[in-house]
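J.: Contents of data_19.csv (CSV, C-alpha atoms):
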chain,number,residue,atom,x,y,z
A,1,MET,CA,0.0,0.0,0.0
A,2,ILE,CA,2.8,2.4,0.9
A,3,ASP,CA,5.8,2.6,-1.3
A,4,PRO,CA,8.9,1.6,0.7
A,5,LYS,CA,11.2,4.6,0.9
A,6,VAL,CA,13.7,6.1,3.3
A,7,VAL,CA,11.9,8.4,5.8
A,8,SER,CA,12.9,10.4,8.8
A,9,PRO,CA,10.2,10.1,11.4
A,10,ARG,CA,11.9,12.9,13.4
A,11,HIS,CA,11.7,15.4,10.6
A,12,ILE,CA,8.1,14.3,9.6
A,13,ALA,CA,6.9,14.7,13.1
A,14,ALA,CA,8.5,18.1,13.5
A,15,ALA,CA,6.7,19.3,10.3
A,16,LEU,CA,3.2,18.3,11.5
A,17,THR,CA,0.9,21.2,12.1
A,18,GLU,CA,-1.9,19.4,14.0
A,19,LEU,CA,-1.7,17.9,17.5
A,20,TRP,CA,-2.8,14.4,18.3
A,21,SER,CA,-3.2,13.6,14.6
A,22,PRO,CA,-1.1,10.5,13.9
A,23,ARG,CA,0.2,10.0,10.4
A,24,VAL,CA,1.4,6.8,8.8
A,25,VAL,CA,5.1,6.8,7.7
A,26,GLY,CA,5.5,3.1,7.0
A,27,GLU,CA,4.2,-0.4,7.4
A,28,VAL,CA,5.7,-3.6,8.6
A,29,ASP,CA,3.6,-6.7,8.0
A,30,ASP,CA,0.3,-6.0,9.8
A,31,ALA,CA,1.5,-3.0,11.7
A,32,PHE,CA,1.7,0.7,10.8
A,33,VAL,CA,4.5,2.9,11.9
A,34,LYS,CA,3.1,6.4,12.7
A,35,VAL,CA,4.4,9.7,14.0
A,36,ALA,CA,2.5,12.3,16.0
A,37,LYS,CA,3.0,15.7,17.6
A,38,VAL,CA,1.2,15.8,20.9
A,39,HIS,CA,0.7,18.2,23.8
A,40,GLY,CA,-1.7,17.7,26.7
A,41,ALA,CA,-3.6,14.5,27.4
A,42,LEU,CA,-5.2,12.2,24.8
A,43,ALA,CA,-8.0,10.2,26.4
A,44,TRP,CA,-8.2,7.1,28.7
A,45,HIS,CA,-8.7,4.1,26.5
A,46,SER,CA,-7.4,0.6,25.8
A,47,HIS,CA,-7.0,-1.8,22.9
A,48,ALA,CA,-8.3,-5.2,23.8
A,49,ASN,CA,-6.2,-7.3,21.4
A,50,GLU,CA,-3.3,-5.0,20.4
A,51,ASP,CA,-0.1,-3.8,22.0
A,52,GLU,CA,1.0,-0.3,21.3
A,53,LEU,CA,4.6,0.9,21.1
A,54,PHE,CA,5.5,4.5,22.0
A,55,PHE,CA,9.0,5.8,21.1
A,56,VAL,CA,9.8,9.5,22.0
A,57,LEU,CA,11.5,11.3,19.1
A,58,LYS,CA,11.6,14.6,21.0
A,59,GLY,CA,10.5,15.9,24.3
A,60,HIS,CA,9.0,13.9,27.2
A,61,LEU,CA,5.9,11.8,27.5
A,62,ARG,CA,4.1,10.3,30.5
A,63,ILE,CA,1.9,7.3,29.9
A,64,GLU,CA,-0.6,7.0,32.7
A,65,MET,CA,-2.0,3.5,33.3
A,66,GLU,CA,-4.4,1.9,35.7
A,67,ASN,CA,-1.8,0.9,38.3
A,68,GLN,CA,1.3,2.8,37.3
A,69,SER,CA,2.7,5.6,35.2
A,70,VAL,CA,5.9,5.6,33.1
A,71,GLU,CA,7.9,8.6,32.1
A,72,LEU,CA,9.7,8.5,28.7
A,73,ASP,CA,12.5,10.8,27.7
A,74,GLU,CA,13.8,11.4,24.2
A,75,GLY,CA,15.0,8.1,22.7
A,76,GLU,CA,13.1,6.0,25.2
A,77,MET,CA,10.3,3.5,24.3
A,78,PHE,CA,7.6,1.6,26.1
A,79,VAL,CA,5.0,-0.9,25.0
A,80,VAL,CA,1.5,-0.6,26.5
A,81,PRO,CA,0.3,-4.2,26.7
A,82,LYS,CA,-3.0,-5.2,25.1
A,83,GLY,CA,-6.0,-4.6,27.4
A,84,VAL,CA,-4.3,-2.0,29.6
A,85,LEU,CA,-6.2,1.2,30.1
A,86,HIS,CA,-3.8,4.1,29.4
A,87,ASN,CA,-3.6,7.8,28.7
A,88,PRO,CA,-0.6,9.5,27.1
A,89,VAL,CA,0.1,12.9,28.5
A,90,ALA,CA,2.7,15.5,27.4
A,91,ALA,CA,3.1,18.6,29.6
A,92,GLN,CA,4.9,20.2,26.7
A,93,GLU,CA,5.0,19.6,23.0
A,94,CYS,CA,6.3,16.1,22.3
A,95,HIS,CA,7.0,14.1,19.1
A,96,VAL,CA,6.4,10.4,19.2
A,97,LEU,CA,6.8,7.4,16.9
A,98,LEU,CA,4.0,4.7,17.3
A,99,ILE,CA,3.8,1.1,16.2
A,100,GLU,CA,0.3,-0.2,16.1
A,101,ARG,CA,-1.6,-3.0,14.4
A,102,LYS,CA,-3.3,-1.7,11.2
A,103,SER,CA,-6.6,-2.6,12.9
A,104,THR,CA,-5.9,-0.5,16.0
A,105,GLN,CA,-8.1,2.5,16.7
A,106,HIS,CA,-5.8,5.1,18.3
A,107,THR,CA,-8.3,6.0,21.0
A,108,GLY,CA,-9.6,2.4,21.4
A,109,ASP,CA,-13.4,2.2,21.8
A,110,VAL,CA,-13.5,5.8,23.1
A,111,VAL,CA,-14.4,8.4,20.5
A,112,THR,CA,-13.4,11.9,21.4
A,113,GLY,CA,-12.8,15.2,19.5
A,114,LYS,CA,-9.2,13.9,19.1
A,115,THR,CA,-10.2,10.6,17.4
A,116,ARG,CA,-8.8,10.3,13.9
A,117,SER,CA,-9.9,7.6,11.3
A,118,VAL,CA,-7.3,5.4,9.8
A,119,ALA,CA,-8.0,7.0,6.4
A,120,ASP,CA,-7.2,10.4,8.0
A,121,GLN,CA,-3.9,8.9,9.4
A,122,LEU,CA,-3.0,7.6,5.9
A,123,ARG,CA,-3.3,11.0,4.2
A,124,PRO,CA,-0.2,11.8,2.1
A,125,LEU,CA,2.3,13.8,4.0
B,18,MET,CA,7.2,-13.0,27.7
B,19,ILE,CA,9.1,-9.8,28.3
B,20,ASP,CA,8.2,-7.5,31.1
B,21,PRO,CA,7.1,-4.2,29.7
B,22,LYS,CA,9.4,-1.5,30.9
B,23,VAL,CA,10.9,1.8,29.7
B,24,VAL,CA,14.0,1.1,27.6
B,25,SER,CA,16.5,3.2,25.7
B,26,PRO,CA,17.4,1.4,22.5
B,27,ARG,CA,20.2,3.9,21.8
B,28,HIS,CA,21.9,3.2,25.1
B,29,ILE,CA,21.4,-0.5,24.9
B,30,ALA,CA,22.8,-0.6,21.4
B,31,ALA,CA,25.8,1.5,22.5
B,32,ALA,CA,26.6,-0.9,25.3
B,33,LEU,CA,26.6,-4.0,23.1
B,34,THR,CA,30.0,-5.7,22.8
B,35,GLU,CA,29.3,-8.1,19.9
B,36,LEU,CA,28.8,-7.1,16.3
B,37,TRP,CA,25.8,-8.4,14.2
B,38,SER,CA,24.3,-9.9,17.3
B,39,PRO,CA,20.7,-8.5,17.6
B,40,ARG,CA,19.2,-8.4,21.0
B,41,VAL,CA,15.5,-8.2,21.8
B,42,VAL,CA,14.5,-5.0,23.7
B,43,GLY,CA,10.7,-5.3,23.4
B,44,GLU,CA,7.8,-7.0,21.8
B,45,VAL,CA,4.7,-5.6,20.1
B,46,ASP,CA,2.1,-8.3,19.3
B,47,ASP,CA,3.8,-10.8,17.0
B,48,ALA,CA,6.9,-8.7,16.4
B,49,PHE,CA,10.2,-8.2,18.3
B,50,VAL,CA,11.9,-4.9,18.6
B,51,LYS,CA,15.7,-5.5,18.5
B,52,VAL,CA,18.9,-3.5,18.6
B,53,ALA,CA,22.2,-4.4,17.0
B,54,LYS,CA,25.7,-2.9,16.7
B,55,VAL,CA,26.9,-3.6,13.1
B,56,HIS,CA,30.0,-3.0,11.1
B,57,GLY,CA,30.8,-4.4,7.6
B,58,ALA,CA,28.4,-6.5,5.7
B,59,LEU,CA,25.9,-9.1,7.0
B,60,ALA,CA,24.9,-11.5,4.2
B,61,TRP,CA,22.6,-11.5,1.2
B,62,HIS,CA,19.3,-13.0,2.3
B,63,SER,CA,15.6,-12.6,2.2
B,64,HIS,CA,12.5,-13.3,4.3
B,65,ALA,CA,9.8,-14.8,2.2
B,66,ASN,CA,6.9,-13.8,4.3
B,67,GLU,CA,8.1,-11.0,6.5
B,68,ASP,CA,8.9,-7.3,6.2
B,69,GLU,CA,11.9,-6.0,8.1
B,70,LEU,CA,12.2,-2.5,9.5
B,71,PHE,CA,15.6,-0.8,9.9
B,72,PHE,CA,15.9,2.4,12.0
B,73,VAL,CA,19.4,4.0,12.4
B,74,LEU,CA,20.1,5.0,16.0
B,75,LYS,CA,23.7,6.1,15.3
B,76,GLY,CA,25.9,6.2,12.2
B,77,HIS,CA,25.0,5.3,8.7
B,78,LEU,CA,23.7,2.1,7.0
B,79,ARG,CA,23.5,1.1,3.4
B,80,ILE,CA,20.9,-1.6,2.5
B,81,GLU,CA,21.8,-3.2,-0.7
B,82,MET,CA,19.0,-4.8,-2.6
B,83,GLU,CA,18.5,-6.7,-5.9
B,84,ASN,CA,17.7,-3.6,-7.9
B,85,GLN,CA,18.6,-0.6,-5.8
B,86,SER,CA,20.4,0.4,-2.6
B,87,VAL,CA,19.2,2.9,0.0
B,88,GLU,CA,21.4,4.9,2.4
B,89,LEU,CA,20.1,5.6,5.9
B,90,ASP,CA,21.5,8.3,8.1
B,91,GLU,CA,20.9,8.6,11.8
B,92,GLY,CA,17.2,8.9,12.6
B,93,GLU,CA,16.1,7.5,9.2
B,94,MET,CA,14.2,4.3,8.6
B,95,PHE,CA,13.4,1.9,5.8
B,96,VAL,CA,11.3,-1.2,5.5
B,97,VAL,CA,12.6,-4.0,3.3
B,98,PRO,CA,9.6,-5.7,1.8
B,99,LYS,CA,9.0,-9.4,2.2
B,100,GLY,CA,10.8,-11.5,-0.4
B,101,VAL,CA,13.3,-8.9,-1.4
B,102,LEU,CA,16.9,-10.1,-1.4
B,103,HIS,CA,19.0,-7.6,0.7
B,104,ASN,CA,22.3,-7.1,2.5
B,105,PRO,CA,22.9,-4.5,5.2
B,106,VAL,CA,26.3,-2.9,5.0
B,107,ALA,CA,27.9,-0.4,7.4
B,108,ALA,CA,31.2,1.1,6.4
B,109,GLN,CA,31.7,2.2,10.0
B,110,GLU,CA,30.2,1.1,13.3
B,111,CYS,CA,26.5,1.7,13.2
B,112,HIS,CA,23.7,1.1,15.7
B,113,VAL,CA,20.3,0.0,14.5
B,114,LEU,CA,16.9,-0.7,15.8
B,115,LEU,CA,15.0,-3.5,14.0
B,116,ILE,CA,11.4,-4.6,13.9
B,117,GLU,CA,10.9,-8.2,12.8
B,118,ARG,CA,8.2,-10.8,13.2
B,119,LYS,CA,9.0,-13.2,16.0
B,120,SER,CA,9.3,-15.9,13.4
B,121,THR,CA,11.9,-14.1,11.4
B,122,GLN,CA,15.4,-15.6,11.0
B,123,HIS,CA,17.7,-12.6,10.8
B,124,THR,CA,19.8,-14.0,8.0
B,125,GLY,CA,16.8,-15.6,6.3
B,126,ASP,CA,17.4,-19.1,4.9
B,127,VAL,CA,21.1,-18.3,4.8
B,128,VAL,CA,23.2,-19.6,7.7
B,129,THR,CA,26.6,-17.9,8.1
B,130,GLY,CA,29.0,-17.4,11.0
B,131,LYS,CA,27.0,-14.3,11.9
B,132,THR,CA,23.7,-16.2,12.2
B,133,ARG,CA,22.2,-15.9,15.7
B,134,SER,CA,19.3,-18.0,17.1
B,135,VAL,CA,16.2,-16.4,18.5
B,136,ALA,CA,17.2,-17.8,21.9
B,137,ASP,CA,20.5,-16.0,21.6
B,138,GLN,CA,18.8,-12.8,20.7
B,139,LEU,CA,16.5,-13.1,23.7
B,140,ARG,CA,19.4,-13.4,26.2
B,141,PRO,CA,19.0,-11.0,29.1
B,142,LEU,CA,20.8,-7.7,28.5
Any chance you could give the structure as structure tokens?

T.:
Amino acid sequence: MIDPKVVSPRHIAAALTELWSPRVVGEVDDAFVKVAKVHGALAWHSHANEDELFFVLKGHLRIEMENQSVELDEGEMFVVPKGVLHNPVAAQECHVLLIERKSTQHTGDVVTGKTRSVADQLRPL
Amino acid sequence: MIDPKVVSPRHIAAALTELWSPRVVGEVDDAFVKVAKVHGALAWHSHANEDELFFVLKGHLRIEMENQSVELDEGEMFVVPKGVLHNPVAAQECHVLLIERKSTQHTGDVVTGKTRSVADQLRPL
């Protein structure tokens, strides 16, 4: 679906103009690689059958979960296991790389003003 | 299988003492996230049914393929599509992050002195 080419997730994320609007930059088998520019909190949600990888390209991200929170600095990653209720929060602008199954809804079963369709995330950059 | 925790792929890769010996630093659904320290050429090989993502954490990597080569600088990524014969080459020491299906043999069907078993790649860091 996506032509394989060399991409710089860091540069693509930096050029985004919308917050909380993930964009697909590649695909690996049944997963999409996405980047997003975030600031503030997304929404509490979970993905019943899908893990979700967060890798911080720039800035700092806190991932709040039911029983713990983790703090990610630039260059650090964390995988939220399937089924775990979580909420990504960035006190300041943060650029992230995400790896999610193609079937994953980025706000899970929760629909908010920040929810973006997969078609929206696949728009050409 | 692997306890989810915050990891720094860049720092883990920098601390590796062996070349071409990928180590698992996380898992996302049916894929492993690995890091490796590489220098020189690996081996021409392909993965019939699996894509393979390369993300350069430090240095520069050339991925030679049947009909083209791509050059990756630090922070850049490329996905080798399934079935494509390829050979990663680093003229100088390079640190990479890889995303591969758990079933992927890192040198495909080719067994060389550099081939590492999945068990070896899963050794504790």

J.: Applying 6 Å and only C-alpha atoms, which residues near Arg40 in chain B remain after dropping the ones on its own chain fewer than 2 positions away? List them as a VMD selection string.

T.: chain B and resid 51 to 52 138

J.: Per residue of chain B within 7 Å of chain A, which atom pair is closest and at what distance in Å (one decimal), using only C-alpha atoms, listed by chain and increasing number, as JSON lines?

T.:
{"residue": "B:Pro21", "atom": "CA", "partner": "A:Val79", "partner_atom": "CA", "distance": 6.1}
{"residue": "B:Lys22", "atom": "CA", "partner": "A:Phe78", "partner_atom": "CA", "distance": 6.0}
{"residue": "B:Val23", "atom": "CA", "partner": "A:Phe78", "partner_atom": "CA", "distance": 4.9}
{"residue": "B:Val24", "atom": "CA", "partner": "A:Met77", "partner_atom": "CA", "distance": 5.5}
{"residue": "B:Ser25", "atom": "CA", "partner": "A:Glu76", "partner_atom": "CA", "distance": 4.4}
{"residue": "B:Pro26", "atom": "CA", "partner": "A:Glu76", "partner_atom": "CA", "distance": 6.9}
{"residue": "B:Arg27", "atom": "CA", "partner": "A:Gly75", "partner_atom": "CA", "distance": 6.7}
{"residue": "B:Val45", "atom": "CA", "partner": "A:Asp51", "partner_atom": "CA", "distance": 5.5}
{"residue": "B:Asp46", "atom": "CA", "partner": "A:Asp51", "partner_atom": "CA", "distance": 5.7}
{"residue": "B:Glu67", "atom": "CA", "partner": "A:Asp29", "partner_atom": "CA", "distance": 6.4}
{"residue": "B:Asp68", "atom": "CA", "partner": "A:Val28", "partner_atom": "CA", "distance": 5.4}
{"residue": "B:Glu69", "atom": "CA", "partner": "A:Val28", "partner_atom": "CA", "distance": 6.7}
{"residue": "B:Leu70", "atom": "CA", "partner": "A:Val28", "partner_atom": "CA", "distance": 6.7}
{"residue": "B:Leu89", "atom": "CA", "partner": "A:Val6", "partner_atom": "CA", "distance": 6.9}
{"residue": "B:Gly92", "atom": "CA", "partner": "A:Ser8", "partner_atom": "CA", "distance": 5.9}
{"residue": "B:Glu93", "atom": "CA", "partner": "A:Ser8", "partner_atom": "CA", "distance": 4.3}
{"residue": "B:Met94", "atom": "CA", "partner": "A:Val7", "partner_atom": "CA", "distance": 5.5}
{"residue": "B:Phe95", "atom": "CA", "partner": "A:Val6", "partner_atom": "CA", "distance": 4.9}
{"residue": "B:Val96", "atom": "CA", "partner": "A:Pro4", "partner_atom": "CA", "distance": 6.1}

J.: Please produce an output containing C-alpha atoms for each residue in the selection, written as an mmCIF file, in the frame of the given file.

T.:
data_model
loop_
_atom_site.group_PDB
_atom_site.id
_atom_site.type_symbol
_atom_site.label_atom_id
_atom_site.label_comp_id
_atom_site.auth_asym_id
_atom_site.auth_seq_id
_atom_site.Cartn_x
_atom_site.Cartn_y
_atom_site.Cartn_z
ATOM 1 C CA PRO B 21 7.100 -4.200 29.700
ATOM 2 C CA LYS B 22 9.400 -1.500 30.900
ATOM 3 C CA VAL B 23 10.900 1.800 29.700
ATOM 4 C CA VAL B 24 14.000 1.100 27.600
ATOM 5 C CA SER B 25 16.500 3.200 25.700
ATOM 6 C CA PRO B 26 17.400 1.400 22.500
ATOM 7 C CA ARG B 27 20.200 3.900 21.800
ATOM 8 C CA VAL B 45 4.700 -5.600 20.100
ATOM 9 C CA ASP B 46 2.100 -8.300 19.300
ATOM 10 C CA GLU B 67 8.100 -11.000 6.500
ATOM 11 C CA ASP B 68 8.900 -7.300 6.200
ATOM 12 C CA GLU B 69 11.900 -6.000 8.100
ATOM 13 C CA LEU B 70 12.200 -2.500 9.500
ATOM 14 C CA LEU B 89 20.100 5.600 5.900
ATOM 15 C CA GLY B 92 17.200 8.900 12.600
ATOM 16 C CA GLU B 93 16.100 7.500 9.200
ATOM 17 C CA MET B 94 14.200 4.300 8.600
ATOM 18 C CA PHE B 95 13.400 1.900 5.800
ATOM 19 C CA VAL B 96 11.300 -1.200 5.500
#

J.: Pick from A:Ala119, A:Val96, A:Ala91, A:Val110: nearest to His39 in chain A, with all atoms listed in the file counted?

T.: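 Closest to His39 in chain A of all the choices is A:Ala91.
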
J.: Chain B least-squares fit onto chain A, all C-alpha atoms in order: RMSD in Å?

T.: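 Rounded to one decimal, the C-alpha RMSD is 0.1 Å.
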
J.: Quote the spacing between CA of Trp37 in chain B and CA of Lys54 in chain B in Å to one decimal place.

T.: 6.0 Å

J.: Anything within 12 Å of (28.1, -3.8, 17.8): list those residues as a list in words, counting all atoms listed in the file and sticking to the file's coordinates.

T.: Arg27, His28, Ile29, Ala30, Ala31, Ala32, Leu33, Thr34, Glu35, Leu36, Trp37, Ser38, Pro39, Arg40, Val52, Ala53, Lys54, Val55, His56, Gly57, Lys75, Gly76, Ala107, Gln109, Glu110, Cys111, His112, Val113 and Leu114 of chain B

J.: Within 6 Å of (14.2, -14.1, 1.7) (file coordinates; only C-alpha atoms), which protein or nucleic acid residues are there? I'd like them as a list in words.

T.: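 Using only C-alpha atoms, the matching residues come out as His62, Ser63, His64, Ala65, Gly100, Leu102 and Gly125 of chain B.
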
J.: In Å, how far is it from CA of Glu81 in chain B to CA of Ala58 in chain B?

T.: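 Separating CA of Glu81 in chain B from CA of Ala58 in chain B is a distance of 9.8 Å.
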
J.: Tell me, in Å to one decimal, how far CA of Trp61 in chain B is from CA of His103 in chain B.

T.: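 That distance, rounded to one decimal, is 5.3 Å.
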
J.: Could you add whatever atoms are missing so that range 17-42 of chain A carries N, CA and C atoms, then write the result as a PDB file, in the coordinates of the input?

T.:
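Output saved as rebuild.pdb:
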ATOM      1  N   THR A  17       1.477  19.918  11.613  1.00  0.00           N
ATOM      2  CA  THR A  17       0.900  21.200  12.100  1.00  0.00           C
ATOM      3  C   THR A  17      -0.294  20.919  13.040  1.00  0.00           C
ATOM      4  N   GLU A  18      -0.763  19.663  13.110  1.00  0.00           N
ATOM      5  CA  GLU A  18      -1.900  19.400  14.000  1.00  0.00           C
ATOM      6  C   GLU A  18      -1.440  18.492  15.158  1.00  0.00           C
ATOM      7  N   LEU A  19      -1.994  18.749  16.324  1.00  0.00           N
ATOM      8  CA  LEU A  19      -1.700  17.900  17.500  1.00  0.00           C
ATOM      9  C   LEU A  19      -2.599  16.686  17.506  1.00  0.00           C
ATOM     10  N   TRP A  20      -2.066  15.593  18.090  1.00  0.00           N
ATOM     11  CA  TRP A  20      -2.800  14.400  18.300  1.00  0.00           C
ATOM     12  C   TRP A  20      -3.454  13.845  16.966  1.00  0.00           C
ATOM     13  N   SER A  21      -2.721  14.002  15.881  1.00  0.00           N
ATOM     14  CA  SER A  21      -3.200  13.600  14.600  1.00  0.00           C
ATOM     15  C   SER A  21      -2.146  12.652  13.950  1.00  0.00           C
ATOM     16  N   PRO A  22      -2.133  11.377  14.360  1.00  0.00           N
ATOM     17  CA  PRO A  22      -1.100  10.500  13.900  1.00  0.00           C
ATOM     18  C   PRO A  22      -1.071  10.308  12.404  1.00  0.00           C
ATOM     19  N   ARG A  23       0.118  10.201  11.825  1.00  0.00           N
ATOM     20  CA  ARG A  23       0.200  10.000  10.400  1.00  0.00           C
ATOM     21  C   ARG A  23       1.121   8.797  10.109  1.00  0.00           C
ATOM     22  N   VAL A  24       0.686   7.981   9.175  1.00  0.00           N
ATOM     23  CA  VAL A  24       1.400   6.800   8.800  1.00  0.00           C
ATOM     24  C   VAL A  24       2.647   7.081   8.027  1.00  0.00           C
ATOM     25  N   VAL A  25       3.802   6.578   8.478  1.00  0.00           N
ATOM     26  CA  VAL A  25       5.100   6.800   7.700  1.00  0.00           C
ATOM     27  C   VAL A  25       5.655   5.509   7.205  1.00  0.00           C
ATOM     28  N   GLY A  26       5.023   4.380   7.527  1.00  0.00           N
ATOM     29  CA  GLY A  26       5.500   3.100   7.000  1.00  0.00           C
ATOM     30  C   GLY A  26       4.663   1.965   7.493  1.00  0.00           C
ATOM     31  N   GLU A  27       4.905   0.798   6.912  1.00  0.00           N
ATOM     32  CA  GLU A  27       4.200  -0.400   7.400  1.00  0.00           C
ATOM     33  C   GLU A  27       5.133  -1.562   7.441  1.00  0.00           C
ATOM     34  N   VAL A  28       4.941  -2.387   8.439  1.00  0.00           N
ATOM     35  CA  VAL A  28       5.700  -3.600   8.600  1.00  0.00           C
ATOM     36  C   VAL A  28       4.718  -4.721   8.849  1.00  0.00           C
ATOM     37  N   ASP A  29       4.562  -5.591   7.870  1.00  0.00           N
ATOM     38  CA  ASP A  29       3.600  -6.700   8.000  1.00  0.00           C
ATOM     39  C   ASP A  29       2.210  -6.064   8.341  1.00  0.00           C
ATOM     40  N   ASP A  30       1.644  -6.504   9.450  1.00  0.00           N
ATOM     41  CA  ASP A  30       0.300  -6.000   9.800  1.00  0.00           C
ATOM     42  C   ASP A  30       0.286  -4.835  10.718  1.00  0.00           C
ATOM     43  N   ALA A  31       1.400  -4.147  10.792  1.00  0.00           N
ATOM     44  CA  ALA A  31       1.500  -3.000  11.700  1.00  0.00           C
ATOM     45  C   ALA A  31       1.789  -1.709  10.868  1.00  0.00           C
ATOM     46  N   PHE A  32       1.286  -0.592  11.374  1.00  0.00           N
ATOM     47  CA  PHE A  32       1.700   0.700  10.800  1.00  0.00           C
ATOM     48  C   PHE A  32       2.693   1.356  11.753  1.00  0.00           C
ATOM     49  N   VAL A  33       3.635   2.069  11.143  1.00  0.00           N
ATOM     50  CA  VAL A  33       4.500   2.900  11.900  1.00  0.00           C
ATOM     51  C   VAL A  33       3.965   4.346  11.690  1.00  0.00           C
ATOM     52  N   LYS A  34       3.736   5.047  12.789  1.00  0.00           N
ATOM     53  CA  LYS A  34       3.100   6.400  12.700  1.00  0.00           C
ATOM     54  C   LYS A  34       3.973   7.376  13.499  1.00  0.00           C
ATOM     55  N   VAL A  35       3.797   8.654  13.184  1.00  0.00           N
ATOM     56  CA  VAL A  35       4.400   9.700  14.000  1.00  0.00           C
ATOM     57  C   VAL A  35       3.251  10.661  14.395  1.00  0.00           C
ATOM     58  N   ALA A  36       3.445  11.319  15.522  1.00  0.00           N
ATOM     59  CA  ALA A  36       2.500  12.300  16.000  1.00  0.00           C
ATOM     60  C   ALA A  36       3.140  13.386  16.778  1.00  0.00           C
ATOM     61  N   LYS A  37       2.546  14.562  16.709  1.00  0.00           N
ATOM     62  CA  LYS A  37       3.000  15.700  17.600  1.00  0.00           C
ATOM     63  C   LYS A  37       1.872  15.819  18.613  1.00  0.00           C
ATOM     64  N   VAL A  38       2.246  15.766  19.875  1.00  0.00           N
ATOM     65  CA  VAL A  38       1.200  15.800  20.900  1.00  0.00           C
ATOM     66  C   VAL A  38       1.554  16.803  21.998  1.00  0.00           C
ATOM     67  N   HIS A  39       0.525  17.219  22.710  1.00  0.00           N
ATOM     68  CA  HIS A  39       0.700  18.200  23.800  1.00  0.00           C
ATOM     69  C   HIS A  39      -0.635  18.118  24.587  1.00  0.00           C
ATOM     70  N   GLY A  40      -0.511  17.938  25.888  1.00  0.00           N
ATOM     71  CA  GLY A  40      -1.700  17.700  26.700  1.00  0.00           C
ATOM     72  C   GLY A  40      -2.002  16.259  26.851  1.00  0.00           C
ATOM     73  N   ALA A  41      -3.262  15.936  27.163  1.00  0.00           N
ATOM     74  CA  ALA A  41      -3.600  14.500  27.400  1.00  0.00           C
ATOM     75  C   ALA A  41      -4.501  14.060  26.200  1.00  0.00           C
ATOM     76  N   LEU A  42      -4.417  12.785  25.860  1.00  0.00           N
ATOM     77  CA  LEU A  42      -5.200  12.200  24.800  1.00  0.00           C
ATOM     78  C   LEU A  42      -6.611  11.852  25.342  1.00  0.00           C
TER      79      LEU A  42
END
